[in-house]
file run22.json (JSON, C-alpha atoms)
[["chain", "number", "residue", "atom", "x", "y", "z"],
["A", 1, "ASP", "CA", 21.32, -41.07, -12.59],
["A", 2, "GLN", "CA", 23.38, -44.17, -13.34],
["A", 3, "GLN", "CA", 24.08, -46.26, -10.28],
["A", 4, "VAL", "CA", 26.32, -48.72, -12.14],
["A", 5, "LYS", "CA", 28.82, -47.29, -14.60],
["A", 6, "GLN", "CA", 31.09, -48.90, -17.13],
["A", 7, "ASN", "CA", 33.09, -45.95, -18.34],
["A", 8, "SER", "CA", 34.97, -47.71, -21.13],
["A", 9, "PRO", "CA", 32.66, -48.51, -24.05],
["A", 10, "SER", "CA", 35.31, -50.70, -25.68],
["A", 11, "LEU", "CA", 38.55, -52.55, -25.01],
["A", 12, "SER", "CA", 40.96, -54.22, -27.43],
["A", 13, "VAL", "CA", 43.39, -56.90, -26.28],
["A", 14, "GLN", "CA", 45.71, -59.37, -27.96],
["A", 15, "GLU", "CA", 45.14, -63.09, -27.59],
["A", 16, "GLY", "CA", 46.96, -64.52, -24.59],
["A", 17, "ARG", "CA", 47.15, -61.21, -22.73],
["A", 18, "ILE", "CA", 45.04, -60.08, -19.78],
["A", 19, "SER", "CA", 41.73, -58.29, -20.27],
["A", 20, "ILE", "CA", 40.61, -56.00, -17.45],
["A", 21, "LEU", "CA", 37.06, -54.69, -17.52],
["A", 22, "ASN", "CA", 36.07, -52.08, -14.98],
["A", 23, "CYS", "CA", 32.84, -51.11, -13.26],
["A", 24, "ASP", "CA", 32.04, -48.36, -10.74],
["A", 25, "TYR", "CA", 28.96, -48.01, -8.59],
["A", 26, "THR", "CA", 27.54, -45.19, -6.54],
["A", 27, "ASN", "CA", 25.32, -46.89, -3.96],
["A", 28, "SER", "CA", 27.22, -48.36, -1.01],
["A", 29, "MET", "CA", 24.18, -50.48, -0.12],
["A", 30, "PHE", "CA", 24.74, -52.81, -3.08],
["A", 31, "ASP", "CA", 25.76, -56.18, -1.69],
["A", 32, "TYR", "CA", 25.88, -58.50, -4.69],
["A", 33, "PHE", "CA", 27.65, -57.97, -8.01],
["A", 34, "LEU", "CA", 27.62, -59.94, -11.23],
["A", 35, "TRP", "CA", 29.25, -60.02, -14.66],
["A", 36, "TYR", "CA", 27.45, -61.12, -17.78],
["A", 37, "LYS", "CA", 28.77, -61.78, -21.28],
["A", 38, "LYS", "CA", 26.64, -61.11, -24.34],
["A", 39, "TYR", "CA", 27.07, -61.98, -28.01],
["A", 40, "PRO", "CA", 25.07, -60.06, -30.65],
["A", 41, "ALA", "CA", 21.43, -61.14, -31.02],
["A", 42, "GLU", "CA", 21.70, -63.49, -28.01],
["A", 43, "GLY", "CA", 20.72, -63.27, -24.36],
["A", 44, "PRO", "CA", 23.41, -62.42, -21.78],
["A", 45, "THR", "CA", 25.17, -65.35, -20.14],
["A", 46, "PHE", "CA", 26.04, -65.25, -16.46],
["A", 47, "LEU", "CA", 29.81, -65.36, -15.93],
["A", 48, "ILE", "CA", 30.72, -64.79, -12.32],
["A", 49, "SER", "CA", 29.45, -63.05, -9.20],
["A", 50, "ILE", "CA", 30.77, -61.74, -5.91],
["A", 51, "SER", "CA", 29.19, -60.95, -2.59],
["A", 52, "SER", "CA", 30.15, -57.77, -0.75],
["A", 53, "ILE", "CA", 31.65, -59.84, 2.07],
["A", 54, "LYS", "CA", 34.41, -60.97, -0.30],
["A", 55, "ASP", "CA", 37.03, -59.05, -2.25],
["A", 56, "LYS", "CA", 37.87, -61.70, -4.84],
["A", 57, "ASN", "CA", 36.18, -64.58, -6.60],
["A", 58, "GLU", "CA", 37.80, -66.81, -9.18],
["A", 59, "ASP", "CA", 36.41, -69.22, -11.75],
["A", 60, "GLY", "CA", 38.85, -70.60, -14.26],
["A", 61, "ARG", "CA", 40.16, -67.79, -16.46],
["A", 62, "PHE", "CA", 37.78, -65.28, -14.88],
["A", 63, "THR", "CA", 38.43, -63.38, -11.65],
["A", 64, "VAL", "CA", 36.33, -60.61, -10.18],
["A", 65, "PHE", "CA", 37.82, -58.15, -7.70],
["A", 66, "LEU", "CA", 35.73, -55.93, -5.45],
["A", 67, "ASN", "CA", 37.05, -52.77, -3.78],
["A", 68, "LYS", "CA", 34.23, -51.57, -1.53],
["A", 69, "SER", "CA", 35.99, -48.45, -0.32],
["A", 70, "ALA", "CA", 36.45, -47.30, -3.91],
["A", 71, "LYS", "CA", 33.04, -48.65, -5.00],
["A", 72, "HIS", "CA", 34.81, -50.40, -7.84],
["A", 73, "LEU", "CA", 34.88, -53.87, -9.28],
["A", 74, "SER", "CA", 36.83, -55.38, -12.11],
["A", 75, "LEU", "CA", 36.75, -58.52, -14.19],
["A", 76, "HIS", "CA", 40.08, -60.05, -15.21],
["A", 77, "ILE", "CA", 40.25, -62.56, -18.04],
["A", 78, "VAL", "CA", 43.55, -64.45, -18.29],
["A", 79, "PRO", "CA", 44.54, -65.51, -20.86],
["A", 80, "SER", "CA", 42.22, -63.75, -23.27],
["A", 81, "GLN", "CA", 40.92, -65.76, -26.23],
["A", 82, "PRO", "CA", 39.25, -64.64, -29.47],
["A", 83, "GLY", "CA", 36.03, -66.33, -28.29],
["A", 84, "ASP", "CA", 35.94, -63.88, -25.38],
["A", 85, "SER", "CA", 35.08, -61.09, -27.83],
["A", 86, "ALA", "CA", 31.64, -59.92, -26.69],
["A", 87, "VAL", "CA", 29.88, -57.22, -24.69],
["A", 88, "TYR", "CA", 30.40, -57.52, -20.93],
["A", 89, "PHE", "CA", 27.82, -56.14, -18.53],
["A", 90, "CYS", "CA", 28.36, -55.42, -14.87],
["A", 91, "ALA", "CA", 25.30, -55.62, -12.59],
["A", 92, "ALA", "CA", 24.54, -54.95, -8.92],
["A", 93, "SER", "CA", 21.73, -55.65, -6.50],
["A", 94, "PHE", "CA", 20.50, -55.26, -2.93],
["A", 95, "ASN", "CA", 19.77, -58.82, -1.89],
["A", 96, "GLN", "CA", 17.66, -57.98, 1.09],
["A", 97, "ALA", "CA", 15.59, -55.20, -0.43],
["A", 98, "GLY", "CA", 14.05, -57.29, -3.17],
["A", 99, "THR", "CA", 14.94, -55.12, -6.14],
["A", 100, "ALA", "CA", 15.91, -56.15, -9.64],
["A", 101, "LEU", "CA", 19.50, -56.13, -10.87],
["A", 102, "ILE", "CA", 20.86, -52.79, -12.03],
["A", 103, "PHE", "CA", 23.02, -53.07, -15.12],
["A", 104, "GLY", "CA", 25.81, -50.95, -16.52],
["A", 105, "LYS", "CA", 25.79, -50.04, -20.21],
["A", 106, "GLY", "CA", 28.40, -52.62, -21.12],
["A", 107, "THR", "CA", 31.95, -52.78, -22.46],
["A", 108, "THR", "CA", 32.71, -54.33, -25.85],
["A", 109, "LEU", "CA", 35.81, -56.52, -25.64],
["A", 110, "SER", "CA", 37.68, -57.40, -28.83],
["A", 111, "VAL", "CA", 40.39, -60.04, -28.61],
["A", 112, "SER", "CA", 42.62, -60.26, -31.67],
["A", 113, "SER", "CA", 44.69, -63.29, -32.63],
["B", 1, "ASP", "CA", 16.81, -79.47, -20.10],
["B", 2, "GLY", "CA", 16.03, -76.45, -17.95],
["B", 3, "GLY", "CA", 16.02, -72.99, -19.40],
["B", 4, "ILE", "CA", 14.19, -69.95, -20.66],
["B", 5, "THR", "CA", 12.57, -69.81, -24.07],
["B", 6, "GLN", "CA", 11.42, -66.75, -25.94],
["B", 7, "SER", "CA", 9.42, -66.77, -29.10],
["B", 8, "PRO", "CA", 9.53, -65.74, -31.80],
["B", 9, "LYS", "CA", 13.18, -64.90, -32.46],
["B", 10, "TYR", "CA", 12.22, -62.18, -34.96],
["B", 11, "LEU", "CA", 8.94, -60.30, -35.03],
["B", 12, "PHE", "CA", 7.65, -57.67, -37.41],
["B", 13, "ARG", "CA", 4.74, -55.43, -36.60],
["B", 14, "LYS", "CA", 2.91, -52.70, -38.40],
["B", 15, "GLU", "CA", 2.76, -49.37, -36.67],
["B", 16, "GLY", "CA", -0.35, -49.10, -34.48],
["B", 17, "GLN", "CA", -0.65, -52.83, -33.76],
["B", 18, "ASN", "CA", -0.23, -54.50, -30.39],
["B", 19, "VAL", "CA", 2.08, -57.52, -30.22],
["B", 20, "THR", "CA", 2.74, -60.09, -27.49],
["B", 21, "LEU", "CA", 6.18, -61.59, -26.84],
["B", 22, "SER", "CA", 6.32, -64.97, -25.17],
["B", 23, "CYS", "CA", 8.61, -65.99, -22.30],
["B", 24, "GLU", "CA", 8.53, -69.41, -20.64],
["B", 25, "GLN", "CA", 10.86, -70.92, -18.03],
["B", 26, "ASN", "CA", 11.09, -74.40, -16.53],
["B", 27, "LEU", "CA", 13.66, -73.52, -13.88],
["B", 28, "ASN", "CA", 11.04, -73.24, -11.13],
["B", 29, "HIS", "CA", 12.11, -69.63, -10.57],
["B", 30, "ASP", "CA", 9.83, -67.30, -8.69],
["B", 31, "ALA", "CA", 11.00, -64.03, -10.25],
["B", 32, "MET", "CA", 10.82, -63.05, -13.92],
["B", 33, "TYR", "CA", 11.87, -59.92, -15.77],
["B", 34, "TRP", "CA", 11.61, -58.13, -19.10],
["B", 35, "TYR", "CA", 14.39, -55.92, -20.43],
["B", 36, "ARG", "CA", 14.87, -53.90, -23.54],
["B", 37, "GLN", "CA", 18.23, -53.40, -25.20],
["B", 38, "ASP", "CA", 18.97, -50.55, -27.60],
["B", 39, "PRO", "CA", 22.40, -49.82, -29.07],
["B", 40, "GLY", "CA", 24.60, -48.10, -26.49],
["B", 41, "GLN", "CA", 21.87, -48.24, -23.82],
["B", 42, "GLY", "CA", 22.64, -51.45, -22.02],
["B", 43, "LEU", "CA", 19.71, -53.33, -20.49],
["B", 44, "ARG", "CA", 16.73, -51.34, -19.31],
["B", 45, "LEU", "CA", 14.11, -52.91, -17.08],
["B", 46, "ILE", "CA", 10.52, -52.83, -18.36],
["B", 47, "TYR", "CA", 8.59, -54.96, -15.84],
["B", 48, "TYR", "CA", 9.35, -57.59, -13.24],
["B", 49, "SER", "CA", 7.36, -60.10, -11.25],
["B", 50, "GLN", "CA", 8.33, -61.64, -7.93],
["B", 51, "ILE", "CA", 5.43, -64.11, -7.70],
["B", 52, "VAL", "CA", 2.38, -65.23, -9.65],
["B", 53, "ASN", "CA", -0.34, -62.60, -10.09],
["B", 54, "ASP", "CA", 2.00, -59.81, -9.02],
["B", 55, "PHE", "CA", 4.24, -57.53, -11.08],
["B", 56, "GLN", "CA", 5.87, -54.11, -10.81],
["B", 57, "LYS", "CA", 6.87, -51.47, -13.30],
["B", 58, "GLY", "CA", 10.52, -51.05, -14.11],
["B", 59, "ASP", "CA", 12.29, -47.97, -15.46],
["B", 60, "ILE", "CA", 10.58, -47.85, -18.86],
["B", 61, "ALA", "CA", 7.13, -49.44, -18.44],
["B", 62, "GLU", "CA", 5.15, -46.90, -20.49],
["B", 63, "GLY", "CA", 3.56, -48.50, -23.54],
["B", 64, "TYR", "CA", 4.02, -52.05, -22.23],
["B", 65, "SER", "CA", 1.85, -54.46, -20.27],
["B", 66, "VAL", "CA", 2.47, -57.87, -18.69],
["B", 67, "SER", "CA", 0.64, -60.70, -16.94],
["B", 68, "ARG", "CA", 1.81, -63.46, -14.61],
["B", 69, "GLU", "CA", -0.95, -66.03, -14.42],
["B", 70, "LYS", "CA", 1.42, -68.97, -14.20],
["B", 71, "LYS", "CA", 4.81, -69.34, -12.53],
["B", 72, "GLU", "CA", 6.36, -70.52, -15.80],
["B", 73, "SER", "CA", 5.09, -67.75, -18.06],
["B", 74, "PHE", "CA", 5.53, -63.97, -18.23],
["B", 75, "PRO", "CA", 4.28, -62.59, -21.58],
["B", 76, "LEU", "CA", 4.99, -58.99, -22.57],
["B", 77, "THR", "CA", 2.60, -56.97, -24.73],
["B", 78, "VAL", "CA", 4.03, -54.07, -26.67],
["B", 79, "THR", "CA", 1.12, -51.72, -27.24],
["B", 80, "SER", "CA", 0.58, -49.08, -29.87],
["B", 81, "ALA", "CA", 1.26, -46.51, -27.14],
["B", 82, "GLN", "CA", 4.95, -47.45, -27.11],
["B", 83, "LYS", "CA", 6.56, -44.73, -29.24],
["B", 84, "ASN", "CA", 9.79, -46.50, -30.17],
["B", 85, "PRO", "CA", 9.09, -50.23, -29.99],
["B", 86, "THR", "CA", 11.83, -51.42, -32.36],
["B", 87, "ALA", "CA", 14.40, -53.09, -30.07],
["B", 88, "PHE", "CA", 15.83, -56.34, -28.80],
["B", 89, "TYR", "CA", 13.71, -57.71, -25.93],
["B", 90, "LEU", "CA", 15.14, -60.00, -23.29],
["B", 91, "CYS", "CA", 13.34, -62.09, -20.70],
["B", 92, "ALA", "CA", 15.09, -63.36, -17.57],
["B", 93, "SER", "CA", 14.30, -65.29, -14.42],
["B", 94, "SER", "CA", 15.89, -65.81, -11.01],
["B", 95, "ILE", "CA", 15.25, -67.96, -7.96],
["B", 96, "ARG", "CA", 13.99, -64.83, -6.33],
["B", 97, "GLN", "CA", 14.40, -61.10, -6.62],
["B", 98, "GLY", "CA", 17.95, -59.75, -6.50],
["B", 99, "TYR", "CA", 19.72, -63.00, -7.25],
["B", 100, "THR", "CA", 21.48, -64.21, -10.37],
["B", 101, "GLN", "CA", 19.29, -63.80, -13.41],
["B", 102, "TYR", "CA", 19.32, -66.21, -16.32],
["B", 103, "PHE", "CA", 18.34, -64.89, -19.70],
["B", 104, "GLY", "CA", 16.45, -66.20, -22.68],
["B", 105, "PRO", "CA", 17.75, -65.84, -26.26],
["B", 106, "GLY", "CA", 15.79, -62.65, -26.94],
["B", 107, "THR", "CA", 13.23, -61.42, -29.48],
["B", 108, "ARG", "CA", 14.09, -58.81, -32.07],
["B", 109, "LEU", "CA", 10.98, -56.66, -32.69],
["B", 110, "THR", "CA", 10.88, -54.44, -35.74],
["B", 111, "VAL", "CA", 8.05, -52.00, -36.36],
["B", 112, "LEU", "CA", 7.49, -51.29, -40.03]]
call {"tool": "encode", "arguments": {"input": "run22.json", "output": "structure tokens"}}
result
Amino acid sequence: DQQVKQNSPSLSVQEGRISILNCDYTNSMFDYFLWYKKYPAEGPTFLISISSIKDKNEDGRFTVFLNKSAKHLSLHIVPSQPGDSAVYFCAASFNQAGTALIFGKGTTLSVSS
Amino acid sequence: DGGITQSPKYLFRKEGQNVTLSCEQNLNHDAMYWYRQDPGQGLRLIYYSQIVNDFQKGDIAEGYSVSREKKESFPLTVTSAQKNPTAFYLCASSIRQGYTQYFGPGTRLTVL
């Protein structure tokens, strides 16, 4: 049973527009969420994280929003650039319980110029 | 320069042979992890270790073994018991369990 779901396998966006990647989770005990970016044949790169005590975290062009009541988080990329084309993974954890991160299956973002 | 190294980048193995994938980190992280990525499957956890000389099975540990004799090193052995070993293997580390993980570049294992 998937605890972290990324229901859109792919997303296509034009350069300069906003990219919105979505992630849903089922366990309300998750208290830390992360986004990773991955290029083919490379390891994932950490992008941005958010604690459950916040509803928004921003870092440059990347903003993560957390809606705890809906068990939903999203990553906004503004403006999108061709170099953003990659697979994006959402991950969640229970900080206090000492478990590993639980990853979604990823969303492939394609940004066209 | 701190980071995680995995070697080799590409590895070929004959069916029935064991093979060991290397993972080293100089980030002084306590926790280390091994994941497997298959197309459309995301990242699946094989094993993880919170401290030296201790490790736990992840979701897909069958056919794999690990050791954690040093803080910096967490090698993964893919045994002949692993039925579908061809995959992209990723090693990661974090300050401690549950926190941001940092990944190595990965090893592509192909069984011929």
call {"tool": "interface_residues", "arguments": {"input": "run22.json", "of": "chain B", "to": "chain A", "cutoff": "7 Å", "atoms": "only C-alpha atoms", "output": "list in words"}}
result
Gly40, Gln41, Gly42, Leu43, Leu90, Gln97, Gly98, Tyr99, Tyr102, Phe103, Gly104, Pro105 and Gly106 of chain B
call {"tool": "residues_near_point", "arguments": {"input": "run22.json", "point": "(47.2, -62.6, -18.5)", "cutoff": "10 Å", "atoms": "all atoms listed in the file", "output": "PyMOL selection string"}}
result
chain A and resi 15-20+61+76-80
call {"tool": "atom_distance", "arguments": {"input": "run22.json", "atom1": "atom CA of A:Lys71", "atom2": "atom CA of A:Cys23"}}
result
8.6 Å
call {"tool": "closest_residue", "arguments": {"input": "run22.json", "among": "A:Phe62, A:Ser69, A:Leu75, A:Leu11", "to": "A:Met29", "atoms": "only C-alpha atoms"}}
result
A:Ser69
call {"tool": "residues_around", "arguments": {"input": "run22.json", "residues": "A:Asp55", "least_positions_apart": "5", "cutoff": "10 Å", "atoms": "all atoms listed in the file", "output": "list in words"}}
result
Ile50, Val64, Phe65, Leu66, Asn67, Lys68 and Leu73 of chain A
call {"tool": "write_last_selection", "arguments": {"input": "run22.json", "atoms": "C-alpha atoms", "output": "CSV table (one decimal), in the frame of the given file"}}
result
chain,number,residue,atom,x,y,z
A,50,ILE,CA,30.8,-61.7,-5.9
A,64,VAL,CA,36.3,-60.6,-10.2
A,65,PHE,CA,37.8,-58.2,-7.7
A,66,LEU,CA,35.7,-55.9,-5.4
A,67,ASN,CA,37.0,-52.8,-3.8
A,68,LYS,CA,34.2,-51.6,-1.5
A,73,LEU,CA,34.9,-53.9,-9.3
call {"tool": "residues_around", "arguments": {"input": "run22.json", "residues": "stretch 59-61 of chain B", "least_positions_apart": "6", "cutoff": "12 Å", "atoms": "all atoms listed in the file", "output": "VMD selection string"}}
result
(chain A and resid 1 to 2 100 to 103) or (chain B and resid 33 to 37 43 to 48 76 to 79 81 to 85)
call {"tool": "atom_distance", "arguments": {"input": "run22.json", "atom1": "atom CA of B:Phe12", "atom2": "atom CA of B:Thr110"}}
result
4.9 Å
call {"tool": "axis_aligned_box", "arguments": {"input": "run22.json", "around": "stretch 65-70 of chain B", "padding_each_side": "5 Å", "output": "AutoDock Vina command-line options"}}
result
--center_x 0.8 --center_y -61.7 --center_z -17.2 --size_x 13.4 --size_y 24.5 --size_z 16.1
call {"tool": "atom_distance", "arguments": {"input": "run22.json", "atom1": "atom CA of B:Asn53", "atom2": "atom CA of B:Ile95"}}
result
16.6 Å
call {"tool": "closest_residue", "arguments": {"input": "run22.json", "among": "B:Ser80, B:Asn26, B:Ser65, B:Thr107", "to": "B:Leu11", "atoms": "only C-alpha atoms"}}
result
B:Thr107
call {"tool": "residues_around", "arguments": {"input": "run22.json", "residues": "A:Gln3", "least_positions_apart": "4", "cutoff": "7 Å", "atoms": "only C-alpha atoms", "output": "ChimeraX atom specification"}}
result
/A:25-27
call {"tool": "closest_residue", "arguments": {"input": "run22.json", "among": "B:Gln25, B:Thr100, B:Gln17, B:Gln56", "to": "B:Lys70", "atoms": "all atoms listed in the file"}}
result
B:Gln25
